[in-house]
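data.cif follows; it contains mmCIF, C-alpha atoms and all ligand atoms.
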```
data_run
loop_
_atom_site.label_atom_id
_atom_site.label_comp_id
_atom_site.auth_asym_id
_atom_site.auth_seq_id
_atom_site.Cartn_x
_atom_site.Cartn_y
_atom_site.Cartn_z
CA MET A 1 -39.70 -15.49 -38.55
CA LYS A 2 -36.79 -13.07 -38.92
CA ILE A 3 -34.85 -13.64 -42.14
CA PRO A 4 -31.09 -13.08 -41.74
CA LYS A 5 -29.91 -10.35 -44.12
CA SER A 6 -26.96 -12.57 -45.06
CA HIS A 7 -29.31 -15.17 -46.58
CA PRO A 8 -28.55 -15.44 -50.32
CA ARG A 9 -32.29 -15.25 -51.12
CA TYR A 10 -33.02 -12.49 -48.58
CA GLY A 11 -34.76 -10.17 -51.08
CA SER A 12 -37.00 -12.90 -52.43
CA LEU A 13 -37.88 -14.24 -48.96
CA ARG A 14 -38.67 -10.72 -47.75
CA LEU A 15 -41.27 -10.30 -50.51
CA ARG A 16 -42.84 -13.66 -49.62
CA HIS A 17 -43.12 -12.56 -46.00
CA MET A 18 -44.73 -9.25 -46.99
CA LEU A 19 -47.43 -11.25 -48.76
CA VAL A 20 -47.85 -13.72 -45.89
CA ASP A 21 -48.18 -10.78 -43.48
CA GLY A 22 -50.81 -9.25 -45.81
CA LEU A 23 -52.66 -12.57 -45.86
CA LYS A 24 -52.62 -12.75 -42.04
CA ALA A 25 -53.84 -9.14 -41.87
CA GLY A 26 -56.73 -10.16 -44.15
CA PHE A 27 -56.09 -8.09 -47.26
CA VAL A 28 -54.06 -10.44 -49.49
CA ALA A 29 -56.14 -13.20 -51.13
CA GLU A 30 -55.03 -16.81 -50.56
CA SER A 31 -54.60 -17.13 -54.32
CA GLY A 32 -52.36 -14.08 -54.15
CA LEU A 33 -49.62 -16.34 -52.75
CA ILE A 34 -49.99 -18.71 -55.70
CA ALA A 35 -49.96 -15.80 -58.16
CA HIS A 36 -46.77 -14.54 -56.52
CA GLY A 37 -45.14 -17.96 -56.98
CA ARG A 38 -45.89 -17.81 -60.70
CA GLY A 39 -44.39 -14.35 -60.83
CA GLU A 40 -41.28 -15.54 -58.96
CA ALA A 41 -40.70 -18.28 -61.54
CA PHE A 42 -40.76 -15.79 -64.43
CA ASP A 43 -38.63 -13.35 -62.45
CA TYR A 44 -36.03 -16.07 -61.91
CA LEU A 45 -35.93 -16.76 -65.66
CA LEU A 46 -35.37 -13.05 -66.30
CA GLY A 47 -32.48 -12.88 -63.85
CA GLU A 48 -34.51 -10.95 -61.22
CA ARG A 49 -33.62 -7.65 -62.85
CA THR A 50 -35.28 -5.07 -65.02
CA VAL A 51 -34.41 -6.05 -68.57
CA ALA A 52 -33.83 -3.30 -71.15
CA ALA A 53 -37.19 -3.91 -72.88
CA ALA A 54 -39.02 -3.51 -69.56
CA LEU A 55 -37.22 -0.26 -68.81
CA GLU A 56 -38.29 1.05 -72.22
CA ALA A 57 -41.88 0.04 -71.47
CA GLU A 58 -41.68 1.79 -68.08
CA ARG A 59 -40.49 5.01 -69.74
CA ALA A 60 -43.28 4.80 -72.35
CA ALA A 61 -45.82 4.08 -69.61
CA VAL A 62 -44.84 7.22 -67.71
CA ALA A 63 -45.06 9.28 -70.91
CA ALA A 64 -48.54 7.84 -71.60
CA ILE A 65 -49.71 8.57 -68.06
CA LEU A 66 -48.36 12.13 -68.11
CA LEU A 67 -50.18 12.67 -71.43
CA SER A 68 -53.48 11.31 -70.09
CA ASN A 69 -56.41 13.37 -68.86
CA LYS A 70 -57.55 10.85 -66.29
CA PRO A 71 -55.01 8.13 -65.45
CA VAL A 72 -55.78 5.61 -62.69
CA VAL A 73 -53.67 2.94 -60.97
CA SER A 74 -55.68 -0.17 -60.10
CA VAL A 75 -54.61 -1.76 -56.81
CA ASN A 76 -55.22 -5.34 -55.65
CA GLY A 77 -54.12 -7.27 -52.54
CA ASN A 78 -50.64 -8.24 -53.79
CA THR A 79 -49.65 -4.74 -54.90
CA ALA A 80 -50.96 -3.25 -51.65
CA ALA A 81 -48.73 -5.68 -49.76
CA LEU A 82 -45.61 -5.18 -51.87
CA VAL A 83 -45.57 -1.52 -52.96
CA PRO A 84 -48.05 0.64 -50.97
CA LYS A 85 -45.70 3.62 -50.52
CA GLU A 86 -44.46 3.42 -54.09
CA ILE A 87 -48.05 3.52 -55.43
CA VAL A 88 -48.68 6.69 -53.43
CA ARG A 89 -45.41 8.30 -54.59
CA PHE A 90 -46.18 7.37 -58.18
CA SER A 91 -49.64 8.89 -57.89
CA GLU A 92 -48.15 12.09 -56.44
CA ALA A 93 -45.54 12.30 -59.19
CA THR A 94 -47.99 11.78 -62.06
CA GLY A 95 -51.40 12.90 -60.76
CA ALA A 96 -52.84 9.39 -61.35
CA GLY A 97 -55.78 8.34 -59.19
CA ILE A 98 -55.60 5.23 -56.98
CA GLU A 99 -58.48 2.74 -57.12
CA VAL A 100 -58.91 -0.53 -55.24
CA ASN A 101 -60.11 -3.30 -57.53
CA LEU A 102 -60.22 -6.92 -56.44
CA PHE A 103 -60.78 -10.26 -58.11
CA TYR A 104 -61.62 -12.01 -54.84
CA ARG A 105 -63.59 -9.05 -53.60
CA THR A 106 -64.99 -8.72 -50.12
CA PRO A 107 -65.99 -5.35 -48.65
CA GLU A 108 -63.60 -6.09 -45.74
CA ARG A 109 -60.58 -6.60 -48.00
CA GLU A 110 -61.49 -3.49 -49.95
CA LYS A 111 -61.63 -1.45 -46.72
CA LEU A 112 -58.37 -2.91 -45.39
CA ILE A 113 -56.53 -2.11 -48.64
CA ALA A 114 -57.81 1.46 -48.58
CA GLU A 115 -56.48 1.69 -45.01
CA VAL A 116 -53.07 0.30 -46.04
CA LEU A 117 -52.86 2.90 -48.82
CA LYS A 118 -53.96 5.73 -46.55
CA LYS A 119 -51.37 4.65 -43.97
CA ALA A 120 -48.82 4.82 -46.80
CA GLY A 121 -49.83 8.45 -47.42
CA ALA A 122 -52.73 8.32 -49.91
CA THR A 123 -55.17 11.16 -49.45
CA ALA A 124 -57.88 9.75 -51.71
CA VAL A 125 -58.61 6.12 -52.51
CA LEU A 126 -61.27 5.29 -55.09
CA GLY A 127 -63.24 2.06 -55.51
CA VAL A 128 -64.48 1.65 -51.96
CA ASP A 129 -67.79 3.48 -52.00
CA ARG A 130 -71.20 2.29 -52.99
CA GLY A 131 -72.65 3.22 -56.36
CA MET A 132 -69.99 1.54 -58.49
CA LYS A 133 -70.51 1.14 -62.22
CA ARG A 134 -69.74 -2.15 -63.99
CA ILE A 135 -67.39 -2.53 -66.96
CA PRO A 136 -69.44 -4.36 -69.65
CA GLY A 137 -68.48 -7.90 -70.65
CA LEU A 138 -67.15 -9.00 -67.25
CA GLU A 139 -68.97 -11.23 -64.79
CA SER A 140 -66.40 -11.18 -61.98
CA GLU A 141 -66.22 -8.64 -59.19
CA ARG A 142 -63.42 -7.03 -61.16
CA ALA A 143 -66.12 -5.40 -63.31
CA ARG A 144 -66.62 -2.79 -60.58
CA ALA A 145 -65.42 0.66 -61.58
CA ASP A 146 -65.60 3.88 -59.62
CA PRO A 147 -67.64 6.50 -61.53
CA LYS A 148 -64.95 9.04 -60.59
CA GLY A 149 -62.06 6.68 -61.34
CA ILE A 150 -61.62 3.76 -63.73
CA TRP A 151 -65.09 4.34 -65.24
CA VAL A 152 -64.00 7.69 -66.67
CA ALA A 153 -60.26 6.95 -66.94
CA ASP A 154 -58.52 7.20 -70.31
CA THR A 155 -55.47 5.23 -69.11
CA VAL A 156 -55.45 2.42 -66.53
CA LEU A 157 -52.29 0.93 -65.01
CA ILE A 158 -53.05 -2.67 -64.03
CA PRO A 159 -50.40 -4.53 -62.03
CA LEU A 160 -51.00 -8.32 -61.65
CA GLU A 161 -54.19 -8.44 -63.61
CA ASP A 162 -56.32 -11.19 -65.09
CA GLY A 163 -56.64 -11.21 -68.87
CA ASP A 164 -60.44 -10.93 -68.88
CA ARG A 165 -60.45 -7.56 -67.18
CA ALA A 166 -57.53 -6.28 -69.22
CA GLU A 167 -59.49 -7.16 -72.34
CA ALA A 168 -62.76 -5.66 -71.06
CA LEU A 169 -61.02 -2.41 -70.10
CA LYS A 170 -59.39 -2.28 -73.51
CA ASN A 171 -62.79 -2.89 -75.18
CA ALA A 172 -64.15 -0.02 -73.10
CA GLY A 173 -61.71 2.23 -74.98
CA LYS A 174 -59.06 2.67 -72.31
CA ARG A 175 -55.31 2.65 -72.83
CA ILE A 176 -53.95 -0.27 -70.83
CA ILE A 177 -50.56 -0.45 -69.15
CA SER A 178 -49.88 -3.78 -67.45
CA ILE A 179 -47.19 -4.89 -65.02
CA ASP A 180 -46.96 -8.66 -65.29
CA LEU A 181 -43.86 -10.85 -65.11
CA ASN A 182 -45.44 -13.31 -67.53
CA PRO A 183 -44.81 -12.03 -71.08
CA LEU A 184 -47.08 -14.79 -72.45
CA SER A 185 -50.13 -13.87 -70.38
CA ARG A 186 -53.31 -12.59 -72.00
CA THR A 187 -52.86 -9.41 -69.97
CA SER A 188 -49.42 -8.78 -71.49
CA SER A 189 -50.71 -9.41 -75.00
CA VAL A 190 -53.81 -7.24 -74.59
CA ALA A 191 -52.02 -4.29 -72.96
CA ASP A 192 -50.96 -1.31 -75.08
CA ILE A 193 -47.83 -1.09 -72.94
CA PRO A 194 -46.90 -4.40 -71.27
CA ILE A 195 -44.28 -3.98 -68.56
CA VAL A 196 -42.66 -7.35 -67.92
CA ASP A 197 -41.04 -6.61 -64.60
CA ASN A 198 -41.60 -7.16 -60.91
CA VAL A 199 -43.83 -4.50 -59.33
CA VAL A 200 -41.14 -3.97 -56.68
CA ARG A 201 -38.74 -2.75 -59.38
CA ALA A 202 -41.23 -1.29 -61.87
CA PHE A 203 -42.74 1.28 -59.49
CA PRO A 204 -39.40 2.73 -58.26
CA ASN A 205 -38.20 2.95 -61.88
CA MET A 206 -41.41 4.68 -62.96
CA ILE A 207 -41.25 7.12 -60.03
CA LYS A 208 -37.75 8.17 -61.19
CA PHE A 209 -38.96 8.59 -64.78
CA ALA A 210 -42.00 10.57 -63.63
CA GLU A 211 -39.90 12.93 -61.54
CA GLU A 212 -37.68 13.58 -64.55
CA MET A 213 -40.36 13.66 -67.27
CA ARG A 214 -43.12 15.66 -65.60
CA SER A 215 -41.41 18.90 -66.65
CA TRP A 216 -41.34 17.81 -70.32
CA ASN A 217 -43.73 19.39 -72.81
CA LYS A 218 -46.38 17.34 -74.65
CA GLU A 219 -44.36 17.01 -77.84
CA ARG A 220 -41.41 15.51 -76.02
CA LEU A 221 -43.69 13.10 -74.13
CA LYS A 222 -45.46 12.10 -77.36
CA ASP A 223 -42.11 11.49 -78.97
CA ALA A 224 -41.01 9.23 -76.07
CA LEU A 225 -44.28 7.30 -76.31
CA SER A 226 -44.13 6.89 -80.08
CA ARG A 227 -40.72 5.22 -79.83
CA PHE A 228 -42.23 2.31 -77.90
CA ASP A 229 -42.85 -0.82 -79.96
CA LYS A 230 -44.94 -3.37 -78.09
CA ALA A 231 -44.30 -6.32 -80.43
CA SER A 232 -40.52 -6.00 -80.31
CA CYS A 233 -40.61 -5.41 -76.55
CA LEU A 234 -42.44 -8.71 -75.91
CA LYS A 235 -40.32 -10.51 -78.48
CA GLU A 236 -37.14 -9.35 -76.76
CA VAL A 237 -38.33 -10.48 -73.32
CA ILE A 238 -39.48 -13.89 -74.60
CA SER A 239 -36.19 -14.51 -76.40
CA LEU A 240 -34.26 -13.59 -73.24
CA ILE A 241 -36.22 -16.27 -71.38
CA ARG A 242 -35.75 -18.82 -74.18
CA GLU A 243 -32.06 -18.24 -74.74
CA GLY A 244 -31.04 -17.48 -71.15
CA PHE A 245 -29.12 -14.44 -70.03
O1 LIG A 301 -56.25 -9.17 -54.62
P1 LIG A 301 -57.14 -9.81 -55.65
O2 LIG A 301 -58.41 -10.40 -55.04
O3 LIG A 301 -57.50 -8.87 -56.78
O4 LIG A 301 -56.36 -11.04 -56.31
C1 LIG A 301 -55.09 -10.80 -56.87
C2 LIG A 301 -54.55 -12.00 -57.69
C3 LIG A 301 -53.09 -11.73 -58.00
C4 LIG A 301 -54.66 -13.27 -56.83
C5 LIG A 301 -55.38 -12.16 -58.97
O5 LIG A 301 -55.33 -10.97 -59.70
C6 LIG A 301 -54.91 -13.31 -59.82
O6 LIG A 301 -55.34 -14.46 -59.68
O7 LIG A 301 -53.98 -12.98 -60.73
P2 LIG A 301 -53.39 -14.01 -61.84
O8 LIG A 301 -54.44 -14.24 -62.88
O9 LIG A 301 -52.77 -15.19 -61.16
O10 LIG A 301 -52.26 -13.13 -62.50
C7 LIG A 301 -51.20 -12.63 -61.78
C8 LIG A 301 -50.05 -12.38 -62.76
O11 LIG A 301 -49.14 -11.51 -62.10
C9 LIG A 301 -49.28 -13.64 -63.17
O12 LIG A 301 -49.06 -13.63 -64.56
C10 LIG A 301 -47.93 -13.52 -62.43
O13 LIG A 301 -46.87 -14.00 -63.21
C11 LIG A 301 -47.81 -12.00 -62.24
N1 LIG A 301 -47.08 -11.61 -61.02
C12 LIG A 301 -47.08 -12.22 -59.81
N2 LIG A 301 -46.32 -11.53 -58.93
C13 LIG A 301 -45.83 -10.45 -59.60
C14 LIG A 301 -46.32 -10.50 -60.95
N3 LIG A 301 -46.02 -9.57 -61.85
C15 LIG A 301 -45.22 -8.53 -61.44
N4 LIG A 301 -44.72 -8.42 -60.17
C16 LIG A 301 -45.00 -9.36 -59.23
N5 LIG A 301 -44.50 -9.24 -57.99
#
```

Go through the file and emit its structure as structure tokens.
Amino acid sequence: MKIPKSHPRYGSLRLRHMLVDGLKAGFVAESGLIAHGRGEAFDYLLGERTVAAALEAERAAVAAILLSNKPVVSVNGNTAALVPKEIVRFSEATGAGIEVNLFYRTPEREKLIAEVLKKAGATAVLGVDRGMKRIPGLESERARADPKGIWVADTVLIPLEDGDRAEALKNAGKRIISIDLNPLSRTSSVADIPIVDNVVRAFPNMIKFAEEMRSWNKERLKDALSRFDKASCLKEVISLIREGF
């Protein structure tokens, strides 16, 4: 179905259709549509915009990634459907690796997502070979970690993640940056830097920050990172939802 651009909910409907197309193509999980609906509800409560606290978290996240030795972006079905080009641009701007990691894993979905990312310009996609390691403390397929990627990463960016894996990655000593519209989720509370924003806004914002900040020296990046206060960031987002905007 073609959505008329004049439709007042055009932007929101477009995202839904990107996910439905990804489902039909076989790389978005059925539950991905339900997860998106939950995200939409929180996005609505936040006014479908990047709130100031999220923008601060995005700036801190870019500083953390630029300061890391081995940063990796974890990609699932929903993010591959919504922001494939942006993930590649972000990886180019920061040097972060790209790794496919799925909750509802099948080798077919893994392969299709790697193809989507390569079509979007990725030259290397991790997480699709044999010989994966397993993050301790996790029984789901999400435990898989590429020995050249998440396994050795010091910082992992996890958009739309489940709390169990966020916690297991954190316990494995990694710095965790989440993108999750639910500020109350376990993922948001476990993350070192929780970005409460829609991936479709967070990635473009972070690409802009990365393009500006990649010329900064370490001291300046460390200073930007040290200004970030996770507790007040989450508090601000939750009070915006409670009090309205
Ligand atoms: O592709 P797979 O197999 O790895 O499966 C992916 C899903 C998303 C189905 C899986 O990770 C899952 O079940 O996730 P959860 O536990 O439902 O968590 C998804 C979180 O992402 C929820 O807290 C949503 O509010 C949030 N969310 C949904 N859409 C967006 C979002 N956050 C940011 N941007 C969005 N567009």

Hey, could you make a per-residue contact list for chain A against ligand LIG 301 (chain A) with 7 Å as the cut-off, showing the nearest pair of atoms and its distance in Å to one decimal, counting all atoms listed in the file, sorted by chain and number, as CSV?
```
residue,atom,partner,partner_atom,distance
A:Val28,CA,A:LIG301,O1,5.7
A:Ala29,CA,A:LIG301,O2,5.3
A:Ser31,CA,A:LIG301,C4,4.6
A:Gly32,CA,A:LIG301,C4,3.6
A:Ala35,CA,A:LIG301,O9,4.2
A:His36,CA,A:LIG301,N2,3.9
A:Gly37,CA,A:LIG301,C12,6.7
A:Arg38,CA,A:LIG301,O13,4.7
A:Gly39,CA,A:LIG301,O13,3.5
A:Glu40,CA,A:LIG301,N2,6.4
A:Phe42,CA,A:LIG301,O13,6.5
A:Asn76,CA,A:LIG301,O1,4.1
A:Gly77,CA,A:LIG301,O1,3.5
A:Asn78,CA,A:LIG301,O1,5.7
A:Asn101,CA,A:LIG301,O3,6.2
A:Leu102,CA,A:LIG301,O3,3.4
A:Phe103,CA,A:LIG301,O3,3.8
A:Tyr104,CA,A:LIG301,O2,3.6
A:Arg105,CA,A:LIG301,O2,5.5
A:Pro159,CA,A:LIG301,C15,6.6
A:Leu160,CA,A:LIG301,O11,3.7
A:Glu161,CA,A:LIG301,O5,4.8
A:Asp162,CA,A:LIG301,O8,4.2
A:Ile179,CA,A:LIG301,C15,5.5
A:Asp180,CA,A:LIG301,N3,3.7
A:Leu181,CA,A:LIG301,N3,4.1
A:Asn182,CA,A:LIG301,O13,4.6
A:Ser185,CA,A:LIG301,O12,5.9
A:Asp197,CA,A:LIG301,C15,5.6
A:Asn198,CA,A:LIG301,N4,3.4
A:Val199,CA,A:LIG301,N4,4.1
A:Val200,CA,A:LIG301,N5,6.4
```

At a cut-off of 12 Å, can you tabulate as a tab-separated table every residue of segment 39-87 of chain A near segment 8-16 of chain A together with its closest atom pair and the distance in Å to one decimal, using all atoms listed in the file and ordering rows by chain then number?
```
residue	atom	partner	partner_atom	distance
A:Gly39	CA	A:Ser12	CA	11.3
A:Glu40	CA	A:Ser12	CA	8.2
A:Ala41	CA	A:Ser12	CA	11.2
A:Asp43	CA	A:Ser12	CA	10.2
A:Tyr44	CA	A:Ser12	CA	10.0
A:Glu48	CA	A:Ser12	CA	9.3
A:Asn78	CA	A:Leu15	CA	10.1
A:Thr79	CA	A:Leu15	CA	11.0
A:Ala81	CA	A:Leu15	CA	8.8
A:Leu82	CA	A:Leu15	CA	6.8
A:Val83	CA	A:Leu15	CA	10.1
```

Taking into account all atoms listed in the file, which residue in the set A:Ile113, A:Ser239, A:Gly95, A:Ala166 is nearest to Ala25 of chain A? A:Ile113

Identify which of the residues A:Arg49, A:Lys148, A:Arg201, A:Lys2 lies closest to Lys133 of chain A, counting all atoms listed in the file when measuring atom-to-atom distances.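 Selected residue with least distance to Lys133 of chain A: A:Lys148.
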
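The shell of residues at most 10 Å from Val196 of chain A, with all atoms listed in the file counted and near chain neighbours (fewer than 4 positions) removed, consists of Phe42, Asp43, Leu46, Thr50, Val51, Ala53, Ala54, Leu55, Ala57, Glu58, Ser178, Ile179, Asp180, Leu181, Asn182, Pro183, Leu184, Ser188, Ala202, Cys233, Leu234, Val237 and Ile238 of chain A.
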